[in-house]
$ cat final-v8.csv   # CSV, C-alpha atoms
chain,number,residue,atom,x,y,z
A,1,MET,CA,-47.7,37.6,8.0
A,2,ALA,CA,-47.1,34.6,5.7
A,3,ASN,CA,-44.6,36.5,3.6
A,4,SER,CA,-42.8,37.8,6.7
A,5,SER,CA,-42.6,34.4,8.2
A,6,GLY,CA,-41.2,32.9,5.0
A,7,PRO,CA,-37.7,34.3,5.3
A,8,HIS,CA,-37.6,33.7,9.0
A,9,ALA,CA,-38.5,30.0,8.4
A,10,THR,CA,-35.9,29.5,5.7
A,11,THR,CA,-33.1,31.4,7.5
A,12,PRO,CA,-32.1,28.5,9.9
A,13,LEU,CA,-31.9,26.2,6.9
A,14,ILE,CA,-29.6,28.5,5.0
A,15,SER,CA,-27.3,29.1,8.0
A,16,ALA,CA,-27.2,25.4,8.7
A,17,GLN,CA,-25.7,24.5,5.3
A,18,PRO,CA,-22.2,26.0,6.1
A,19,GLN,CA,-22.3,24.3,9.4
A,20,GLN,CA,-23.0,20.9,7.8
A,21,GLU,CA,-20.3,21.5,5.2
A,22,ALA,CA,-17.8,22.3,8.0
A,23,LEU,CA,-18.8,19.2,9.9
A,24,ARG,CA,-18.4,17.1,6.8
A,25,GLU,CA,-14.9,18.5,6.2
A,26,GLU,CA,-13.9,17.9,9.8
A,27,MET,CA,-15.1,14.3,9.6
A,28,MET,CA,-13.0,13.9,6.4
A,29,GLU,CA,-9.9,15.4,8.0
A,30,ASN,CA,-10.1,13.2,11.2
A,31,PRO,CA,-9.5,9.9,9.3
A,32,LEU,CA,-6.5,11.6,7.6
A,33,GLN,CA,-5.1,12.7,10.9
A,34,GLN,CA,-5.6,9.2,12.4
A,35,ASN,CA,-3.9,7.7,9.3
A,36,TYR,CA,-1.0,10.1,9.9
A,37,LEU,CA,-0.5,9.0,13.5
A,38,LEU,CA,-1.0,5.4,12.6
A,39,GLY,CA,1.7,5.6,10.0
A,40,ILE,CA,4.1,7.1,12.6
A,41,ILE,CA,3.4,4.4,15.2
A,42,ILE,CA,3.7,1.6,12.6
A,43,SER,CA,7.0,3.0,11.4
A,44,ILE,CA,8.5,3.4,14.9
A,45,CYS,CA,7.4,-0.1,15.9
A,46,GLY,CA,8.8,-1.5,12.7
A,47,ASN,CA,12.2,0.1,13.2
A,48,VAL,CA,12.3,-1.0,16.8
A,49,LEU,CA,11.6,-4.6,15.7
A,50,ILE,CA,14.3,-4.4,13.1
A,51,SER,CA,16.9,-3.2,15.6
A,52,ILE,CA,15.8,-6.0,18.0
A,53,SER,CA,16.1,-8.6,15.2
A,54,LEU,CA,19.6,-7.4,14.2
A,55,ASN,CA,20.8,-7.7,17.8
A,56,ILE,CA,19.2,-11.2,18.1
A,57,GLN,CA,21.0,-12.3,15.0
A,58,LYS,CA,24.3,-10.8,16.2
A,59,TYR,CA,23.9,-12.6,19.5
A,60,ALA,CA,23.2,-15.8,17.6
A,61,HIS,CA,26.4,-15.3,15.6
A,62,VAL,CA,28.5,-14.7,18.7
A,63,ARG,CA,27.1,-17.7,20.5
A,64,GLN,CA,27.6,-20.0,17.5
A,65,ALA,CA,31.2,-18.7,17.1
A,66,GLN,CA,31.9,-19.4,20.7
A,67,ARG,CA,30.6,-22.9,20.4
A,68,GLY,CA,32.2,-23.5,17.1
A,69,SER,CA,30.0,-26.4,16.2
A,70,LYS,CA,27.1,-25.7,13.9
A,71,PRO,CA,26.5,-22.9,11.3
A,72,TYR,CA,24.6,-19.9,12.5
A,73,TYR,CA,21.6,-20.7,10.2
A,74,THR,CA,20.9,-23.8,12.2
A,75,SER,CA,20.1,-21.7,15.3
A,76,VAL,CA,16.5,-21.2,16.2
A,77,MET,CA,17.4,-17.8,17.7
A,78,TRP,CA,18.8,-16.6,14.4
A,79,TRP,CA,15.7,-17.6,12.5
A,80,CYS,CA,13.6,-15.7,15.1
A,81,GLY,CA,15.7,-12.6,14.4
A,82,VAL,CA,15.1,-13.1,10.7
A,83,LEU,CA,11.3,-13.4,11.3
A,84,LEU,CA,11.3,-10.2,13.4
A,85,MET,CA,13.2,-8.4,10.7
A,86,GLY,CA,10.6,-9.4,8.1
A,87,VAL,CA,7.8,-8.2,10.4
A,88,GLY,CA,9.6,-4.9,10.9
A,89,GLU,CA,10.2,-4.3,7.2
A,90,LEU,CA,6.5,-5.2,6.5
A,91,GLY,CA,5.6,-2.5,9.1
A,92,ASN,CA,7.8,0.1,7.3
A,93,PHE,CA,6.2,-0.9,4.0
A,94,ALA,CA,2.7,-0.4,5.5
A,95,ALA,CA,3.6,2.9,7.1
A,96,TYR,CA,4.1,4.5,3.7
A,97,GLY,CA,0.5,3.9,2.9
A,98,PHE,CA,-0.6,6.1,5.9
A,99,ALA,CA,1.9,8.8,6.3
A,100,PRO,CA,4.0,11.0,4.0
A,101,ALA,CA,7.2,9.5,2.6
A,102,SER,CA,9.2,12.6,3.7
A,103,LEU,CA,8.4,11.6,7.3
A,104,ILE,CA,8.7,7.8,7.2
A,105,ALA,CA,12.2,7.8,5.7
A,106,PRO,CA,13.8,10.0,8.4
A,107,LEU,CA,12.2,7.8,11.1
A,108,GLY,CA,14.7,5.2,10.1
A,109,CYS,CA,17.0,6.8,12.7
A,110,VAL,CA,14.8,5.1,15.4
A,111,SER,CA,16.4,1.8,14.3
A,112,VAL,CA,19.9,3.1,14.9
A,113,ILE,CA,19.0,4.6,18.3
A,114,ALA,CA,17.2,1.4,19.5
A,115,SER,CA,20.0,-0.8,18.2
A,116,ALA,CA,22.6,1.3,20.2
A,117,ILE,CA,20.5,1.0,23.4
A,118,ILE,CA,19.8,-2.7,23.0
A,119,SER,CA,23.5,-3.5,22.3
A,120,VAL,CA,24.5,-1.8,25.5
A,121,VAL,CA,21.8,-3.4,27.7
A,122,PHE,CA,21.8,-7.0,26.3
A,123,LEU,CA,25.1,-7.4,24.5
A,124,LYS,CA,27.0,-5.6,27.2
A,125,GLU,CA,28.8,-3.3,24.7
A,126,MET,CA,30.6,-0.3,26.0
A,127,ILE,CA,28.7,3.0,26.0
A,128,ARG,CA,30.6,6.0,24.7
A,129,ALA,CA,30.0,9.7,25.3
A,130,SER,CA,29.4,10.1,21.5
A,131,ASP,CA,26.6,7.5,21.8
A,132,VAL,CA,24.8,9.6,24.5
A,133,VAL,CA,25.2,12.8,22.6
A,134,GLY,CA,24.3,11.2,19.3
A,135,GLY,CA,21.2,9.6,20.8
A,136,SER,CA,20.0,12.8,22.3
A,137,LEU,CA,20.4,14.7,19.1
A,138,ALA,CA,18.7,11.9,17.1
A,139,ILE,CA,15.7,11.8,19.6
A,140,SER,CA,15.4,15.6,19.5
A,141,GLY,CA,15.5,15.5,15.7
A,142,THR,CA,12.9,12.8,15.6
A,143,TYR,CA,10.6,14.9,17.8
A,144,LEU,CA,11.0,17.9,15.5
A,145,LEU,CA,10.3,15.7,12.4
A,146,VAL,CA,7.1,14.3,13.9
A,147,THR,CA,5.9,17.8,15.1
A,148,PHE,CA,6.6,19.9,12.0
A,149,ALA,CA,6.3,17.3,9.2
A,150,PRO,CA,3.2,17.6,6.8
A,151,HIS,CA,0.2,16.4,8.8
A,152,THR,CA,-1.9,15.6,5.8
A,153,SER,CA,-1.8,12.3,4.0
A,154,THR,CA,-3.6,11.9,0.7
A,155,HIS,CA,-5.4,8.8,-0.4
A,156,ILE,CA,-3.2,7.1,-2.9
A,157,THR,CA,-5.2,5.9,-5.8
A,158,ALA,CA,-4.2,4.6,-9.3
A,159,HIS,CA,-5.6,7.7,-11.0
A,160,LEU,CA,-3.7,10.0,-8.6
A,161,VAL,CA,-0.4,8.0,-9.2
A,162,GLN,CA,-0.9,8.3,-12.9
A,163,TYR,CA,-1.5,12.0,-12.6
A,164,TYR,CA,1.7,12.5,-10.6
A,165,ALA,CA,3.7,10.3,-12.9
A,166,ILE,CA,3.0,12.4,-16.0
A,167,SER,CA,3.4,15.8,-14.3
A,168,TRP,CA,6.1,18.0,-15.8
A,169,HIS,CA,8.1,18.5,-12.6
A,170,PHE,CA,8.4,14.8,-12.0
A,171,LEU,CA,9.4,14.1,-15.6
A,172,LEU,CA,12.1,16.7,-15.3
A,173,TYR,CA,13.3,15.3,-12.0
A,174,LEU,CA,13.3,11.8,-13.5
A,175,PHE,CA,15.4,13.0,-16.5
A,176,VAL,CA,17.9,14.7,-14.3
A,177,GLU,CA,18.1,11.6,-12.1
A,178,VAL,CA,18.7,9.3,-15.0
A,179,VAL,CA,21.4,11.5,-16.5
A,180,LEU,CA,23.2,11.8,-13.1
A,181,PHE,CA,22.9,8.1,-12.5
A,182,CYS,CA,24.5,7.3,-15.9
A,183,ILE,CA,27.3,9.7,-15.2
A,184,LEU,CA,28.0,8.2,-11.8
A,185,LEU,CA,27.7,4.6,-13.2
A,186,TYR,CA,30.2,5.5,-15.9
A,187,LEU,CA,32.7,6.9,-13.3
A,188,TYR,CA,32.2,3.8,-11.2
A,189,LYS,CA,32.4,1.1,-13.8
A,190,ARG,CA,34.5,2.5,-16.6
A,191,ARG,CA,36.8,5.0,-14.9
A,192,ASN,CA,37.1,2.8,-11.8
A,193,VAL,CA,36.4,5.6,-9.4
A,194,LYS,CA,35.8,3.6,-6.2
A,195,HIS,CA,34.9,6.5,-3.9
A,196,ILE,CA,32.3,6.0,-1.2
A,197,VAL,CA,30.3,9.1,-2.2
A,198,ILE,CA,30.0,7.8,-5.8
A,199,VAL,CA,28.6,4.4,-4.6
A,200,MET,CA,26.2,5.9,-2.0
A,201,LEU,CA,24.9,8.4,-4.6
A,202,LEU,CA,24.0,5.5,-6.8
A,203,VAL,CA,22.2,3.9,-3.9
A,204,ALA,CA,20.4,7.2,-3.1
A,205,LEU,CA,19.2,7.7,-6.7
A,206,LEU,CA,17.8,4.2,-6.7
A,207,ALA,CA,16.3,4.8,-3.3
A,208,SER,CA,14.2,7.8,-4.5
A,209,LEU,CA,12.5,5.5,-7.0
A,210,THR,CA,12.1,2.9,-4.3
A,211,VAL,CA,10.3,5.4,-2.0
A,212,ILE,CA,8.0,6.6,-4.8
A,213,SER,CA,7.1,3.1,-5.8
A,214,VAL,CA,6.8,1.7,-2.3
A,215,LYS,CA,4.4,4.5,-1.2
A,216,ALA,CA,2.3,4.0,-4.4
A,217,VAL,CA,2.1,0.2,-4.0
A,218,SER,CA,1.4,0.4,-0.3
A,219,GLY,CA,-1.2,3.2,-0.7
A,220,MET,CA,-3.1,1.4,-3.5
A,221,ILE,CA,-3.1,-1.8,-1.4
A,222,THR,CA,-4.4,0.1,1.5
A,223,GLU,CA,-7.2,1.6,-0.6
A,224,SER,CA,-8.0,-1.8,-2.0
A,225,ILE,CA,-8.4,-3.2,1.5
A,226,LYS,CA,-10.7,-0.3,2.4
A,227,GLY,CA,-13.0,-1.3,-0.5
A,228,GLN,CA,-11.8,0.7,-3.4
A,229,LEU,CA,-10.1,-1.9,-5.6
A,230,GLN,CA,-6.9,-0.5,-7.2
A,231,LEU,CA,-5.2,-3.7,-8.3
A,232,ILE,CA,-7.0,-3.8,-11.6
A,233,TYR,CA,-5.1,-0.8,-12.9
A,234,PRO,CA,-1.8,-1.3,-14.9
A,235,ILE,CA,0.0,1.5,-12.9
A,236,PHE,CA,-0.1,-0.7,-9.8
A,237,TYR,CA,2.0,-3.4,-11.6
A,238,VAL,CA,4.3,-0.8,-13.1
A,239,MET,CA,5.1,0.6,-9.7
A,240,LEU,CA,5.4,-3.0,-8.3
A,241,VAL,CA,8.1,-3.8,-11.0
A,242,VAL,CA,9.9,-0.5,-10.3
A,243,MET,CA,9.8,-1.2,-6.5
A,244,VAL,CA,11.3,-4.7,-6.9
A,245,ALA,CA,14.0,-3.7,-9.5
A,246,SER,CA,15.1,-0.6,-7.6
A,247,CYS,CA,15.3,-2.5,-4.3
A,248,ALA,CA,17.4,-5.3,-6.0
A,249,PHE,CA,19.9,-2.9,-7.5
A,250,GLN,CA,20.0,-0.8,-4.3
A,251,ILE,CA,21.0,-3.9,-2.3
A,252,LYS,CA,23.6,-4.8,-4.9
A,253,PHE,CA,25.3,-1.5,-4.7
A,254,LEU,CA,25.0,-1.5,-0.9
A,255,ASN,CA,26.7,-4.9,-0.8
A,256,GLN,CA,29.5,-3.6,-3.0
A,257,ALA,CA,29.9,-0.6,-0.7
A,258,MET,CA,30.2,-2.9,2.4
A,259,LYS,CA,32.9,-4.9,0.6
A,260,MET,CA,35.0,-1.8,-0.1
A,261,PHE,CA,34.4,0.3,2.9
A,262,ASP,CA,33.8,-0.1,6.6
A,263,ALA,CA,30.3,-0.2,8.0
A,264,THR,CA,30.9,2.8,10.2
A,265,GLU,CA,31.4,4.8,7.0
A,266,VAL,CA,28.6,3.3,5.0
A,267,VAL,CA,25.8,3.5,7.6
A,268,PRO,CA,25.7,7.3,8.3
A,269,ILE,CA,26.4,8.3,4.7
A,270,ASN,CA,23.7,5.9,3.5
A,271,PHE,CA,21.2,7.2,6.1
A,272,VAL,CA,21.8,10.8,5.1
A,273,PHE,CA,21.6,10.2,1.3
A,274,PHE,CA,18.6,7.9,1.6
A,275,THR,CA,16.7,10.3,3.8
A,276,ALA,CA,17.5,13.3,1.5
A,277,SER,CA,16.5,11.4,-1.6
A,278,ALA,CA,13.2,10.2,0.1
A,279,ILE,CA,12.3,13.8,1.1
A,280,VAL,CA,13.0,15.2,-2.3
A,281,ALA,CA,11.0,12.3,-3.9
A,282,GLY,CA,8.1,13.0,-1.6
A,283,ILE,CA,8.2,16.7,-2.3
A,284,ILE,CA,8.4,16.4,-6.1
A,285,PHE,CA,6.2,13.4,-6.8
A,286,TYR,CA,3.6,13.5,-4.1
A,287,GLN,CA,3.8,17.3,-3.4
A,288,GLU,CA,3.9,16.7,0.3
A,289,PHE,CA,5.2,20.2,1.2
A,290,GLU,CA,2.5,22.0,-0.7
A,291,GLY,CA,0.8,24.6,1.5
A,292,LEU,CA,3.2,23.9,4.4
A,293,ALA,CA,4.3,27.0,6.4
A,294,LEU,CA,7.9,28.3,6.1
A,295,LEU,CA,8.5,27.8,9.8
A,296,ASN,CA,7.4,24.1,9.6
A,297,ILE,CA,9.7,23.5,6.6
A,298,PHE,CA,12.7,25.1,8.4
A,299,MET,CA,12.0,23.2,11.7
A,300,PHE,CA,11.5,19.9,9.7
A,301,LEU,CA,14.9,20.4,7.9
A,302,PHE,CA,16.5,21.3,11.2
A,303,GLY,CA,15.1,18.1,12.7
A,304,CYS,CA,16.6,16.1,9.8
A,305,LEU,CA,20.0,17.8,10.4
A,306,LEU,CA,19.9,16.8,14.1
A,307,SER,CA,19.1,13.2,13.2
A,308,PHE,CA,21.9,13.1,10.6
A,309,ILE,CA,24.4,14.4,13.2
A,310,GLY,CA,23.1,11.9,15.8
A,311,VAL,CA,23.4,8.9,13.5
A,312,PHE,CA,27.0,10.0,12.5
A,313,LEU,CA,28.0,10.2,16.2
A,314,ILE,CA,26.4,6.8,17.0
A,315,ALA,CA,27.6,4.8,13.9
A,316,ARG,CA,31.0,6.3,13.3
A,317,ASN,CA,34.2,5.2,15.1
A,318,LYS,CA,32.7,2.0,16.5
A,319,PRO,CA,35.4,-0.1,18.2
A,320,LYS,CA,36.8,-2.8,16.1
A,321,ILE,CA,36.1,-6.4,17.0
A,322,LYS,CA,39.4,-8.0,18.2
A,323,GLN,CA,40.4,-11.2,16.5
A,324,ASP,CA,41.6,-13.8,19.1
A,325,ARG,CA,42.9,-16.2,16.4
A,326,ASN,CA,46.5,-16.0,15.2
A,327,PHE,CA,47.1,-16.6,11.5
A,328,ILE,CA,50.3,-17.3,9.6
A,329,ALA,CA,50.8,-15.5,6.4
A,330,MET,CA,51.2,-17.9,3.4
A,331,ASP,CA,54.4,-16.3,2.3
A,332,ARG,CA,55.9,-16.9,5.7
A,333,ILE,CA,55.5,-20.7,5.6
A,334,PRO,CA,58.8,-22.4,5.0
A,335,GLY,CA,59.1,-24.2,1.7
A,336,ARG,CA,56.5,-22.0,0.0
A,337,SER,CA,57.8,-20.4,-3.1
A,338,ARG,CA,54.8,-18.1,-3.7
A,339,THR,CA,51.7,-16.7,-2.0
A,340,ASP,CA,48.3,-18.3,-2.6
A,341,LYS,CA,45.1,-16.3,-2.3
A,342,VAL,CA,43.0,-17.5,0.5
A,343,GLN,CA,40.4,-14.7,0.4
A,344,PRO,CA,38.7,-14.2,-3.0
A,345,GLU,CA,38.9,-10.7,-4.4
A,346,ALA,CA,36.2,-8.1,-3.7
A,347,LYS,CA,35.3,-8.0,-7.4
A,348,THR,CA,34.2,-11.7,-7.5
A,349,GLN,CA,30.6,-12.7,-6.7
A,350,THR,CA,31.7,-15.2,-4.0
A,351,TYR,CA,33.2,-12.4,-1.8
A,352,GLY,CA,31.4,-11.7,1.5
A,353,SER,CA,27.9,-12.4,2.6
A,354,LEU,CA,25.0,-10.3,1.4
A,355,ALA,CA,22.9,-11.0,4.5
A,356,ALA,CA,25.7,-10.1,6.8
A,357,LYS,CA,26.5,-6.9,4.9
A,358,PHE,CA,22.8,-5.9,4.8
A,359,MET,CA,22.7,-6.4,8.6
A,360,CYS,CA,25.7,-4.2,9.1
A,361,ASN,CA,24.1,-1.6,6.9
A,362,ARG,CA,20.9,-1.4,8.8
A,363,ALA,CA,22.3,-1.7,12.3
A,364,GLY,CA,25.6,0.2,11.9
A,365,GLN,CA,27.6,-2.6,13.3
A,366,THR,CA,30.5,-4.6,11.9
A,367,ASP,CA,30.2,-8.2,10.6
A,368,ASP,CA,30.5,-10.9,13.3
A,369,SER,CA,30.3,-13.9,11.0

$ encode --input "final-v8.csv" --output "structure tokens"
Amino acid sequence: MANSSGPHATTPLISAQPQQEALREEMMENPLQQNYLLGIIISICGNVLISISLNIQKYAHVRQAQRGSKPYYTSVMWWCGVLLMGVGELGNFAAYGFAPASLIAPLGCVSVIASAIISVVFLKEMIRASDVVGGSLAISGTYLLVTFAPHTSTHITAHLVQYYAISWHFLLYLFVEVVLFCILLYLYKRRNVKHIVIVMLLVALLASLTVISVKAVSGMITESIKGQLQLIYPIFYVMLVVMVASCAFQIKFLNQAMKMFDATEVVPINFVFFTASAIVAGIIFYQEFEGLALLNIFMFLFGCLLSFIGVFLIARNKPKIKQDRNFIAMDRIPGRSRTDKVQPEAKTQTYGSLAAKFMCNRAGQTDDS
């Protein structure tokens, strides 16, 4: 009886082990799922705050221009807009630490949609049929992105970033990107090829490094806050330097693009190129599409396509701002023997305003200053 009762006594213990392991795995997956949803919410809120801040700053520009008394940077409302933009950008930065980069980058279309709605409601701008169609397509694309994007988010640690950084597929991708960047830079600087695709490709190549480094820095900071200190590893500071440098040069080329081309051309092309580079960077460096079903991949890419078309319809062909002031050309003034340059050339460093151009780039609106 003792021998027969032995197996019966140990059977529940043996069968309970798989159940405990399954429960443990489920408990580990739930925080990842919560982190994924938290990253989506933070990104959407951050993009909405950015769109609100841009419209507040635009309203401050318009009001100061009507009064014609003090510069726009003396307005309290303008500084409130700047503060909101900082909070929104901080939210986008934090979102990369919770959700895949291939999802956070396409969610930037939320800023364009919200900006279009706010400009119609509060700034009394005219709504066009293309705005309605573009907004509908962008919202549908965003829904597909959120639904079919990778729903797993790995814990970004210093050891994991080091492992990804020395993988052969990333090193090959980095080599191709550097070669392509040098070729485009040679065409842009030496051959003087000032085509919008050339400039925006330079921005996109830098943006891929920005996305990789931002997610690495944000993820390691998030893990450090949770209790696993990652700031003692050199890879954190390497990624921090890459993030700052790539952002600085990215803004530089964006500013040059805004000088040479209209914002209605730069905004949609920049969104498409930036999103594509971010998705490719997430796939290659962080392997975010690994194990994803083919249907999910197809629907995710289809959602990206809908978002691209929607942003193009919203941002392109914006009505020009009419100038109420009449100017006399310098060569028409009696007694003048030659024409003097009032506006500095686009190649000089004093041409244009970086803040205004960056605002136009994010909101898809023309400069009001």

$ closest_atom_pairs --input "final-v8.csv" --of "region 135-162 of chain A" --to "region 214-237 of chain A" --cutoff "8 Å" --atoms "all atoms listed in the file" --output "JSON lines"
{"residue": "A:His155", "atom": "CA", "partner": "A:Gly219", "partner_atom": "CA", "distance": 7.0}
{"residue": "A:Ile156", "atom": "CA", "partner": "A:Gly219", "partner_atom": "CA", "distance": 4.9}
{"residue": "A:Thr157", "atom": "CA", "partner": "A:Met220", "partner_atom": "CA", "distance": 5.5}
{"residue": "A:Ala158", "atom": "CA", "partner": "A:Gln230", "partner_atom": "CA", "distance": 6.1}
{"residue": "A:Val161", "atom": "CA", "partner": "A:Ala216", "partner_atom": "CA", "distance": 6.8}
{"residue": "A:Gln162", "atom": "CA", "partner": "A:Ile235", "partner_atom": "CA", "distance": 6.9}

$ atom_distance --input "final-v8.csv" --atom1 "CA of Gly135 (chain A)" --atom2 "CA of Ala149 (chain A)"
20.4 Å

$ residues_around --input "final-v8.csv" --residues "region 278-290 of chain A" --least-positions-apart "5" --cutoff "9 Å" --atoms "all atoms listed in the file" --output "PDB file with C-alpha atoms, in the coordinates of the input"
ATOM      1  CA  PRO A 100       4.000  11.000   4.000  1.00  0.00           C
ATOM      2  CA  ALA A 101       7.200   9.500   2.600  1.00  0.00           C
ATOM      3  CA  SER A 102       9.200  12.600   3.700  1.00  0.00           C
ATOM      4  CA  LEU A 103       8.400  11.600   7.300  1.00  0.00           C
ATOM      5  CA  ILE A 104       8.700   7.800   7.200  1.00  0.00           C
ATOM      6  CA  ALA A 105      12.200   7.800   5.700  1.00  0.00           C
ATOM      7  CA  PRO A 106      13.800  10.000   8.400  1.00  0.00           C
ATOM      8  CA  ALA A 149       6.300  17.300   9.200  1.00  0.00           C
ATOM      9  CA  PRO A 150       3.200  17.600   6.800  1.00  0.00           C
ATOM     10  CA  THR A 152      -1.900  15.600   5.800  1.00  0.00           C
ATOM     11  CA  SER A 153      -1.800  12.300   4.000  1.00  0.00           C
ATOM     12  CA  THR A 154      -3.600  11.900   0.700  1.00  0.00           C
ATOM     13  CA  VAL A 161      -0.400   8.000  -9.200  1.00  0.00           C
ATOM     14  CA  TYR A 164       1.700  12.500 -10.600  1.00  0.00           C
ATOM     15  CA  ALA A 165       3.700  10.300 -12.900  1.00  0.00           C
ATOM     16  CA  SER A 167       3.400  15.800 -14.300  1.00  0.00           C
ATOM     17  CA  HIS A 169       8.100  18.500 -12.600  1.00  0.00           C
ATOM     18  CA  PHE A 170       8.400  14.800 -12.000  1.00  0.00           C
ATOM     19  CA  TYR A 173      13.300  15.300 -12.000  1.00  0.00           C
ATOM     20  CA  ALA A 204      20.400   7.200  -3.100  1.00  0.00           C
ATOM     21  CA  ALA A 207      16.300   4.800  -3.300  1.00  0.00           C
ATOM     22  CA  SER A 208      14.200   7.800  -4.500  1.00  0.00           C
ATOM     23  CA  LEU A 209      12.500   5.500  -7.000  1.00  0.00           C
ATOM     24  CA  THR A 210      12.100   2.900  -4.300  1.00  0.00           C
ATOM     25  CA  VAL A 211      10.300   5.400  -2.000  1.00  0.00           C
ATOM     26  CA  ILE A 212       8.000   6.600  -4.800  1.00  0.00           C
ATOM     27  CA  PHE A 273      21.600  10.200   1.300  1.00  0.00           C
ATOM     28  CA  ILE A 297       9.700  23.500   6.600  1.00  0.00           C
TER      29      ILE A 297
END

$ residues_around --input "final-v8.csv" --residues "Ser115 (chain A)" --least-positions-apart "5" --cutoff "9 Å" --atoms "only C-alpha atoms" --output "number ranges by chain"
A: 48, 50-52, 54-55, 110, 120, 363-364

$ atom_distance --input "final-v8.csv" --atom1 "CA of Leu240 (chain A)" --atom2 "CA of His151 (chain A)"
26.4 Å

$ residues_near_point --input "final-v8.csv" --point "(20.9, 13.4, 23.9)" --cutoff "12 Å" --atoms "all atoms listed in the file" --output "VMD selection string"
chain A and resid 113 129 to 142 306 to 307 309 to 311 313 to 314

$ write_last_selection --input "final-v8.csv" --atoms "C-alpha atoms" --output "PDB file, keeping the file's coordinate frame"
ATOM      1  CA  ILE A 113      19.000   4.600  18.300  1.00  0.00           C
ATOM      2  CA  ALA A 129      30.000   9.700  25.300  1.00  0.00           C
ATOM      3  CA  SER A 130      29.400  10.100  21.500  1.00  0.00           C
ATOM      4  CA  ASP A 131      26.600   7.500  21.800  1.00  0.00           C
ATOM      5  CA  VAL A 132      24.800   9.600  24.500  1.00  0.00           C
ATOM      6  CA  VAL A 133      25.200  12.800  22.600  1.00  0.00           C
ATOM      7  CA  GLY A 134      24.300  11.200  19.300  1.00  0.00           C
ATOM      8  CA  GLY A 135      21.200   9.600  20.800  1.00  0.00           C
ATOM      9  CA  SER A 136      20.000  12.800  22.300  1.00  0.00           C
ATOM     10  CA  LEU A 137      20.400  14.700  19.100  1.00  0.00           C
ATOM     11  CA  ALA A 138      18.700  11.900  17.100  1.00  0.00           C
ATOM     12  CA  ILE A 139      15.700  11.800  19.600  1.00  0.00           C
ATOM     13  CA  SER A 140      15.400  15.600  19.500  1.00  0.00           C
ATOM     14  CA  GLY A 141      15.500  15.500  15.700  1.00  0.00           C
ATOM     15  CA  THR A 142      12.900  12.800  15.600  1.00  0.00           C
ATOM     16  CA  LEU A 306      19.900  16.800  14.100  1.00  0.00           C
ATOM     17  CA  SER A 307      19.100  13.200  13.200  1.00  0.00           C
ATOM     18  CA  ILE A 309      24.400  14.400  13.200  1.00  0.00           C
ATOM     19  CA  GLY A 310      23.100  11.900  15.800  1.00  0.00           C
ATOM     20  CA  VAL A 311      23.400   8.900  13.500  1.00  0.00           C
ATOM     21  CA  LEU A 313      28.000  10.200  16.200  1.00  0.00           C
ATOM     22  CA  ILE A 314      26.400   6.800  17.000  1.00  0.00           C
TER      23      ILE A 314
END

$ atom_distance --input "final-v8.csv" --atom1 "CA of Phe249 (chain A)" --atom2 "CA of Thr264 (chain A)"
21.6 Å

$ residues_around --input "final-v8.csv" --residues "Leu49 (chain A)" --least-positions-apart "5" --cutoff "10 Å" --atoms "all atoms listed in the file" --output "compact mmCIF listing (two decimals) with C-alpha atoms, in the coordinates of the input"
# COMPACT_ATOMS: atom_id res chain seq x y z
CA SER A 43 7.00 3.00 11.40
CA ILE A 44 8.50 3.40 14.90
CA LEU A 54 19.60 -7.40 14.20
CA ASN A 55 20.80 -7.70 17.80
CA GLY A 81 15.70 -12.60 14.40
CA LEU A 83 11.30 -13.40 11.30
CA LEU A 84 11.30 -10.20 13.40
CA MET A 85 13.20 -8.40 10.70
CA GLY A 86 10.60 -9.40 8.10
CA VAL A 87 7.80 -8.20 10.40
CA GLY A 88 9.60 -4.90 10.90
CA GLU A 89 10.20 -4.30 7.20
CA GLY A 91 5.60 -2.50 9.10
CA SER A 111 16.40 1.80 14.30
CA ALA A 114 17.20 1.40 19.50
CA SER A 115 20.00 -0.80 18.20

$ closest_residue --input "final-v8.csv" --among "A:Phe274, A:Phe175, A:Tyr59, A:Tyr188" --to "Leu107 (chain A)" --atoms "all atoms listed in the file"
A:Phe274

$ residues_around --input "final-v8.csv" --residues "region 189-199 of chain A" --least-positions-apart "3" --cutoff "12 Å" --atoms "all atoms listed in the file" --output "number ranges by chain"
A: 180-186, 202-206, 249-270, 272-273, 346-347

$ closest_residue --input "final-v8.csv" --among "A:Val112, A:Ser213, A:Phe148, A:Tyr72" --to "Phe298 (chain A)" --atoms "all atoms listed in the file"
A:Phe148
